[in-house]
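Below is one structure, written out as structure tokens, with a few remarks after it.
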Amino acid sequence: MNVGRSALLILQSALVACLMTTVASAQTDWSDAQKVYEDRLATFFKDPGNFPYAPMEPLAGVDRWTPLPLVTPAQRSISEKALVESRSYAEAMNSTAFIVWRNGRIESEWYGKGVDARTPLVSRSLSKPLTAIAIGRAMAIGKIRSLDQSIAEFIPSARGTAKAKITVRYLLDMRSGMLDQGFSADPAHPYNLALLDTEFGKKIIDSYPMPYEPGTRYSYANAPSDLVAMVIEGATGMRYGDFLSSEVLKPLGARRTYLGRQAERPRPFGLLHVFAG
């Protein structure tokens, strides 16, 4: 199976879990970048665990949505006992939904109170796998030659900097050498600038700390996923959202998809998928 086909099949499974609630917002005025940053920072500090990825940028999808097929109890390849125990665990952990997708079909699905198959659910970092799928698709169509290429081949501003040592592979497996994800109450801290600034990509390249040698240490953070989106843009000449729409989401049958937006660039996380409706 080729890279592109494998990537699309993996994503079809991931998207079942990667649903996120959108927040309605008025049209944002991006002309005063400092005010936008301060407003977003104030919202974030009020409740860091529930930051609204707003406004959302809609991506073009298909006209008709086809639900994933359901197996009958007799067709299940997983024991009923295992499914019941798994659903019980999900419910005990206050999950909002539990879906088992295998071999292209749904083996089991359970939804919590007030939730059904058409309800968008908060995905947070579960949307990060989409960046890996996007890279796989870019490789399949010849836009990226190897995972071991430097990101500086795709992001000109990284050339001549320490971040030129980072490869595409290191971004995907969180061995970029960049500082682990954390929290700071300092408005000028790189954590906040990388997350909330309208020029977040520039802030990541210019000032996000890189205390480790790339490839030597696992260090989970949001910044590497943002750089993946910039790699896609540099490799394909397309905006990240447009590439996702035409090369990944439409082939999967996604009807309506949204990305969190900051200024003119959509973010690779803060993702909303609406397959129905």
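Within each chain, counting starts at residue 1; across the structure tokens, chains are named A, B, ... in the order shown, with ligands numbered 1 upward in that order.
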Item to check | Long-range neighbours of Ala223 (chain A) as a PyMOL selection string, 8 Å cut-off, only C-alpha atoms, 4 positions minimum in chain | outcome: chain A and resi 178+194-195+204+227
Keeping C-alpha atoms for every residue in the selection just given, could you write it to a file as a PDB file, in the first residue's frame?
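As written to disk, result-v6.pdb reads:
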ATOM      1  CA  MET A 178      12.314  22.747  21.129  1.00  0.00           C
ATOM      2  CA  ALA A 194       3.813  30.887  19.820  1.00  0.00           C
ATOM      3  CA  LEU A 195       0.213  30.109  20.740  1.00  0.00           C
ATOM      4  CA  ILE A 204       8.458  30.154  16.729  1.00  0.00           C
ATOM      5  CA  LEU A 227       5.932  24.298  11.804  1.00  0.00           C
TER       6      LEU A 227
END
Item to check | Residues within 12 Å of Ser176 (chain A), only C-alpha atoms, excluding chain neighbours under 6 positions, as a PyMOL selection string | outcome: chain A and resi 150-151+162-170+208-225+227-228
Requested write-out: N, CA and C atoms of the selected residues, as a PDB file, in the first residue's frame:
ATOM      1  N   SER A 150      15.714  18.910   5.846  1.00  0.00           N
ATOM      2  CA  SER A 150      15.662  19.994   6.825  1.00  0.00           C
ATOM      3  C   SER A 150      14.426  20.846   6.578  1.00  0.00           C
ATOM      4  N   ILE A 151      13.833  21.349   7.654  1.00  0.00           N
ATOM      5  CA  ILE A 151      12.672  22.223   7.485  1.00  0.00           C
ATOM      6  C   ILE A 151      13.072  23.526   6.806  1.00  0.00           C
ATOM      7  N   ALA A 162      19.468  27.931  14.228  1.00  0.00           N
ATOM      8  CA  ALA A 162      19.605  26.626  14.877  1.00  0.00           C
ATOM      9  C   ALA A 162      18.486  25.681  14.461  1.00  0.00           C
ATOM     10  N   LYS A 163      17.343  26.230  14.094  1.00  0.00           N
ATOM     11  CA  LYS A 163      16.204  25.392  13.728  1.00  0.00           C
ATOM     12  C   LYS A 163      16.379  24.730  12.363  1.00  0.00           C
ATOM     13  N   ALA A 164      17.403  25.118  11.625  1.00  0.00           N
ATOM     14  CA  ALA A 164      17.689  24.452  10.355  1.00  0.00           C
ATOM     15  C   ALA A 164      18.139  23.010  10.576  1.00  0.00           C
ATOM     16  N   LYS A 165      18.534  22.674  11.807  1.00  0.00           N
ATOM     17  CA  LYS A 165      18.925  21.297  12.123  1.00  0.00           C
ATOM     18  C   LYS A 165      17.714  20.377  12.281  1.00  0.00           C
ATOM     19  N   ILE A 166      16.541  20.967  12.394  1.00  0.00           N
ATOM     20  CA  ILE A 166      15.327  20.175  12.578  1.00  0.00           C
ATOM     21  C   ILE A 166      14.904  19.583  11.238  1.00  0.00           C
ATOM     22  N   THR A 167      14.622  18.306  11.217  1.00  0.00           N
ATOM     23  CA  THR A 167      14.110  17.668  10.009  1.00  0.00           C
ATOM     24  C   THR A 167      12.594  17.522  10.111  1.00  0.00           C
ATOM     25  N   VAL A 168      11.972  17.200   8.993  1.00  0.00           N
ATOM     26  CA  VAL A 168      10.529  16.959   8.998  1.00  0.00           C
ATOM     27  C   VAL A 168      10.207  15.815   9.950  1.00  0.00           C
ATOM     28  N   ARG A 169      11.036  14.787   9.949  1.00  0.00           N
ATOM     29  CA  ARG A 169      10.823  13.641  10.836  1.00  0.00           C
ATOM     30  C   ARG A 169      10.826  14.072  12.297  1.00  0.00           C
ATOM     31  N   TYR A 170      11.758  14.946  12.666  1.00  0.00           N
ATOM     32  CA  TYR A 170      11.845  15.383  14.059  1.00  0.00           C
ATOM     33  C   TYR A 170      10.608  16.166  14.485  1.00  0.00           C
ATOM     34  N   TYR A 208      11.337  30.901  19.835  1.00  0.00           N
ATOM     35  CA  TYR A 208      10.937  29.762  20.659  1.00  0.00           C
ATOM     36  C   TYR A 208      12.190  28.999  21.088  1.00  0.00           C
ATOM     37  N   PRO A 209      12.364  28.764  22.395  1.00  0.00           N
ATOM     38  CA  PRO A 209      13.597  28.140  22.901  1.00  0.00           C
ATOM     39  C   PRO A 209      13.844  26.754  22.309  1.00  0.00           C
ATOM     40  N   MET A 210      15.106  26.459  22.115  1.00  0.00           N
ATOM     41  CA  MET A 210      15.519  25.172  21.563  1.00  0.00           C
ATOM     42  C   MET A 210      16.673  24.644  22.419  1.00  0.00           C
ATOM     43  N   PRO A 211      16.369  24.150  23.631  1.00  0.00           N
ATOM     44  CA  PRO A 211      17.420  23.766  24.577  1.00  0.00           C
ATOM     45  C   PRO A 211      18.084  22.424  24.293  1.00  0.00           C
ATOM     46  N   TYR A 212      17.530  21.642  23.360  1.00  0.00           N
ATOM     47  CA  TYR A 212      18.064  20.309  23.107  1.00  0.00           C
ATOM     48  C   TYR A 212      18.521  20.178  21.656  1.00  0.00           C
ATOM     49  N   GLU A 213      19.433  19.272  21.432  1.00  0.00           N
ATOM     50  CA  GLU A 213      19.875  18.980  20.072  1.00  0.00           C
ATOM     51  C   GLU A 213      18.763  18.214  19.355  1.00  0.00           C
ATOM     52  N   PRO A 214      18.360  18.659  18.170  1.00  0.00           N
ATOM     53  CA  PRO A 214      17.289  17.958  17.452  1.00  0.00           C
ATOM     54  C   PRO A 214      17.601  16.473  17.272  1.00  0.00           C
ATOM     55  N   GLY A 215      16.592  15.652  17.502  1.00  0.00           N
ATOM     56  CA  GLY A 215      16.730  14.219  17.315  1.00  0.00           C
ATOM     57  C   GLY A 215      17.205  13.452  18.522  1.00  0.00           C
ATOM     58  N   THR A 216      17.565  14.148  19.605  1.00  0.00           N
ATOM     59  CA  THR A 216      18.150  13.465  20.761  1.00  0.00           C
ATOM     60  C   THR A 216      17.182  13.255  21.912  1.00  0.00           C
ATOM     61  N   ARG A 217      16.056  13.953  21.914  1.00  0.00           N
ATOM     62  CA  ARG A 217      15.170  13.910  23.075  1.00  0.00           C
ATOM     63  C   ARG A 217      13.730  14.150  22.656  1.00  0.00           C
ATOM     64  N   TYR A 218      12.818  13.369  23.226  1.00  0.00           N
ATOM     65  CA  TYR A 218      11.393  13.600  23.000  1.00  0.00           C
ATOM     66  C   TYR A 218      10.965  14.807  23.823  1.00  0.00           C
ATOM     67  N   SER A 219      10.370  15.798  23.170  1.00  0.00           N
ATOM     68  CA  SER A 219       9.893  16.988  23.880  1.00  0.00           C
ATOM     69  C   SER A 219       8.588  17.441  23.233  1.00  0.00           C
ATOM     70  N   TYR A 220       7.485  17.083  23.868  1.00  0.00           N
ATOM     71  CA  TYR A 220       6.163  17.357  23.311  1.00  0.00           C
ATOM     72  C   TYR A 220       5.832  18.844  23.412  1.00  0.00           C
ATOM     73  N   ALA A 221       5.341  19.412  22.311  1.00  0.00           N
ATOM     74  CA  ALA A 221       4.950  20.822  22.298  1.00  0.00           C
ATOM     75  C   ALA A 221       4.017  21.078  21.124  1.00  0.00           C
ATOM     76  N   ASN A 222       3.326  22.219  21.168  1.00  0.00           N
ATOM     77  CA  ASN A 222       2.466  22.614  20.053  1.00  0.00           C
ATOM     78  C   ASN A 222       3.266  23.177  18.883  1.00  0.00           C
ATOM     79  N   ALA A 223       4.384  23.832  19.191  1.00  0.00           N
ATOM     80  CA  ALA A 223       5.154  24.532  18.164  1.00  0.00           C
ATOM     81  C   ALA A 223       5.564  23.643  16.986  1.00  0.00           C
ATOM     82  N   PRO A 224       6.024  22.406  17.200  1.00  0.00           N
ATOM     83  CA  PRO A 224       6.394  21.581  16.048  1.00  0.00           C
ATOM     84  C   PRO A 224       5.254  21.362  15.062  1.00  0.00           C
ATOM     85  N   SER A 225       4.034  21.200  15.561  1.00  0.00           N
ATOM     86  CA  SER A 225       2.900  21.000  14.660  1.00  0.00           C
ATOM     87  C   SER A 225       2.615  22.248  13.840  1.00  0.00           C
ATOM     88  N   LEU A 227       4.898  24.273  12.835  1.00  0.00           N
ATOM     89  CA  LEU A 227       5.932  24.298  11.804  1.00  0.00           C
ATOM     90  C   LEU A 227       5.640  23.292  10.693  1.00  0.00           C
ATOM     91  N   VAL A 228       4.964  22.191  11.024  1.00  0.00           N
ATOM     92  CA  VAL A 228       4.577  21.240   9.982  1.00  0.00           C
ATOM     93  C   VAL A 228       3.690  21.929   8.950  1.00  0.00           C
TER      94      VAL A 228
END
Checklist entry - Could you pull out the helix (DSSP H, G or I) residues of region 135-203 of chain A from DSSP and send them as a ChimeraX atom specification? => result /A:135-140,151-153,156-158,162-165,168-172,190-196,200-203
Would you save the residues of that selection, restricted to N, CA and C atoms, as a short mmCIF file (atom, residue, chain, number, x, y, z; two decimals), in the first residue's frame?
data_model
loop_
_atom_site.label_atom_id
_atom_site.label_comp_id
_atom_site.auth_asym_id
_atom_site.auth_seq_id
_atom_site.Cartn_x
_atom_site.Cartn_y
_atom_site.Cartn_z
N ILE A 135 1.65 15.52 5.66
CA ILE A 135 3.01 15.27 5.18
C ILE A 135 3.05 14.02 4.31
N GLY A 136 2.37 12.96 4.75
CA GLY A 136 2.32 11.73 3.96
C GLY A 136 1.74 11.97 2.58
N ARG A 137 0.70 12.78 2.52
CA ARG A 137 0.08 13.07 1.22
C ARG A 137 1.02 13.91 0.35
N ALA A 138 1.71 14.88 0.96
CA ALA A 138 2.65 15.70 0.20
C ALA A 138 3.79 14.85 -0.36
N MET A 139 4.21 13.83 0.39
CA MET A 139 5.24 12.93 -0.11
C MET A 139 4.70 12.08 -1.26
N ALA A 140 3.46 11.63 -1.12
CA ALA A 140 2.87 10.76 -2.14
C ALA A 140 2.75 11.46 -3.49
N ILE A 151 13.83 21.35 7.65
CA ILE A 151 12.67 22.22 7.48
C ILE A 151 13.07 23.53 6.81
N ALA A 152 14.37 23.85 6.84
CA ALA A 152 14.84 25.08 6.20
C ALA A 152 14.70 25.02 4.68
N GLU A 153 14.55 23.81 4.12
CA GLU A 153 14.32 23.68 2.69
C GLU A 153 12.93 24.18 2.31
N PRO A 156 11.98 29.39 4.52
CA PRO A 156 13.17 30.22 4.28
C PRO A 156 13.70 30.92 5.53
N SER A 157 12.81 31.35 6.42
CA SER A 157 13.25 32.09 7.60
C SER A 157 14.05 31.22 8.57
N ALA A 158 13.99 29.89 8.41
CA ALA A 158 14.74 28.99 9.29
C ALA A 158 16.18 28.80 8.82
N ALA A 162 19.47 27.93 14.23
CA ALA A 162 19.60 26.63 14.88
C ALA A 162 18.49 25.68 14.46
N LYS A 163 17.34 26.23 14.09
CA LYS A 163 16.20 25.39 13.73
C LYS A 163 16.38 24.73 12.36
N ALA A 164 17.40 25.12 11.63
CA ALA A 164 17.69 24.45 10.35
C ALA A 164 18.14 23.01 10.58
N LYS A 165 18.53 22.67 11.81
CA LYS A 165 18.92 21.30 12.12
C LYS A 165 17.71 20.38 12.28
N VAL A 168 11.97 17.20 8.99
CA VAL A 168 10.53 16.96 9.00
C VAL A 168 10.21 15.81 9.95
N ARG A 169 11.04 14.79 9.95
CA ARG A 169 10.82 13.64 10.84
C ARG A 169 10.83 14.07 12.30
N TYR A 170 11.76 14.95 12.67
CA TYR A 170 11.85 15.38 14.06
C TYR A 170 10.61 16.17 14.48
N LEU A 171 10.01 16.91 13.56
CA LEU A 171 8.77 17.60 13.89
C LEU A 171 7.66 16.60 14.18
N LEU A 172 7.56 15.59 13.33
CA LEU A 172 6.46 14.64 13.45
C LEU A 172 6.55 13.77 14.70
N PRO A 190 7.71 32.94 25.29
CA PRO A 190 7.54 32.26 23.99
C PRO A 190 6.36 31.31 23.93
N TYR A 191 5.97 30.70 25.07
CA TYR A 191 4.79 29.85 25.07
C TYR A 191 3.58 30.61 24.53
N ASN A 192 3.38 31.81 25.08
CA ASN A 192 2.21 32.61 24.73
C ASN A 192 2.32 33.20 23.33
N LEU A 193 3.50 33.66 22.97
CA LEU A 193 3.69 34.23 21.64
C LEU A 193 3.47 33.18 20.56
N ALA A 194 3.96 31.96 20.81
CA ALA A 194 3.81 30.89 19.82
C ALA A 194 2.36 30.45 19.68
N LEU A 195 1.60 30.56 20.77
CA LEU A 195 0.21 30.11 20.74
C LEU A 195 -0.75 31.17 20.24
N LEU A 196 -0.49 32.45 20.60
CA LEU A 196 -1.52 33.47 20.44
C LEU A 196 -1.17 34.61 19.50
N PHE A 200 2.54 33.91 14.67
CA PHE A 200 3.06 32.84 15.51
C PHE A 200 4.18 32.05 14.85
N GLY A 201 4.12 31.89 13.51
CA GLY A 201 5.17 31.15 12.83
C GLY A 201 6.52 31.86 12.95
N LYS A 202 6.51 33.17 12.77
CA LYS A 202 7.73 33.95 12.90
C LYS A 202 8.26 33.89 14.33
N LYS A 203 7.35 33.95 15.31
CA LYS A 203 7.77 33.90 16.71
C LYS A 203 8.42 32.55 17.02
#
Checklist entry - Using the chain letters and numbers from this document, which residues of region 71-180 of chain A does DSSP assign to strand (DSSP E), as a list in words? => result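 Matching residues for strand (DSSP E) in region 71-180 of chain A are Ala97, Phe98, Ile99, Val100, Trp101, Arg102, Arg105, Ile106, Glu107, Ser108, Glu109, Trp110 and Tyr111 of chain A.
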Go ahead and write the selection's residues with C-alpha atoms as a PDB file, in the first residue's frame.
ATOM      1  CA  ALA A  97     -17.971   9.489  22.869  1.00  0.00           C
ATOM      2  CA  PHE A  98     -16.392   6.095  22.259  1.00  0.00           C
ATOM      3  CA  ILE A  99     -16.052   4.665  18.744  1.00  0.00           C
ATOM      4  CA  VAL A 100     -14.303   1.519  17.549  1.00  0.00           C
ATOM      5  CA  TRP A 101     -13.421   1.750  13.836  1.00  0.00           C
ATOM      6  CA  ARG A 102     -11.793  -1.285  12.231  1.00  0.00           C
ATOM      7  CA  ARG A 105     -16.375  -0.137   9.438  1.00  0.00           C
ATOM      8  CA  ILE A 106     -17.639   0.924  12.856  1.00  0.00           C
ATOM      9  CA  GLU A 107     -17.663  -2.026  15.246  1.00  0.00           C
ATOM     10  CA  SER A 108     -19.206  -0.127  18.138  1.00  0.00           C
ATOM     11  CA  GLU A 109     -20.220   3.412  19.065  1.00  0.00           C
ATOM     12  CA  TRP A 110     -21.389   4.972  22.307  1.00  0.00           C
ATOM     13  CA  TYR A 111     -22.251   8.593  23.100  1.00  0.00           C
TER      14      TYR A 111
END
Next on the checklist: Here is a test: counting only C-alpha atoms, which residue of A:Ser207, A:Leu252, A:Asp197, A:Glu80 is nearest to Leu179 (chain A)?
Outcome noted: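 The answer is A:Ser207, which sits nearest to Leu179 (chain A).
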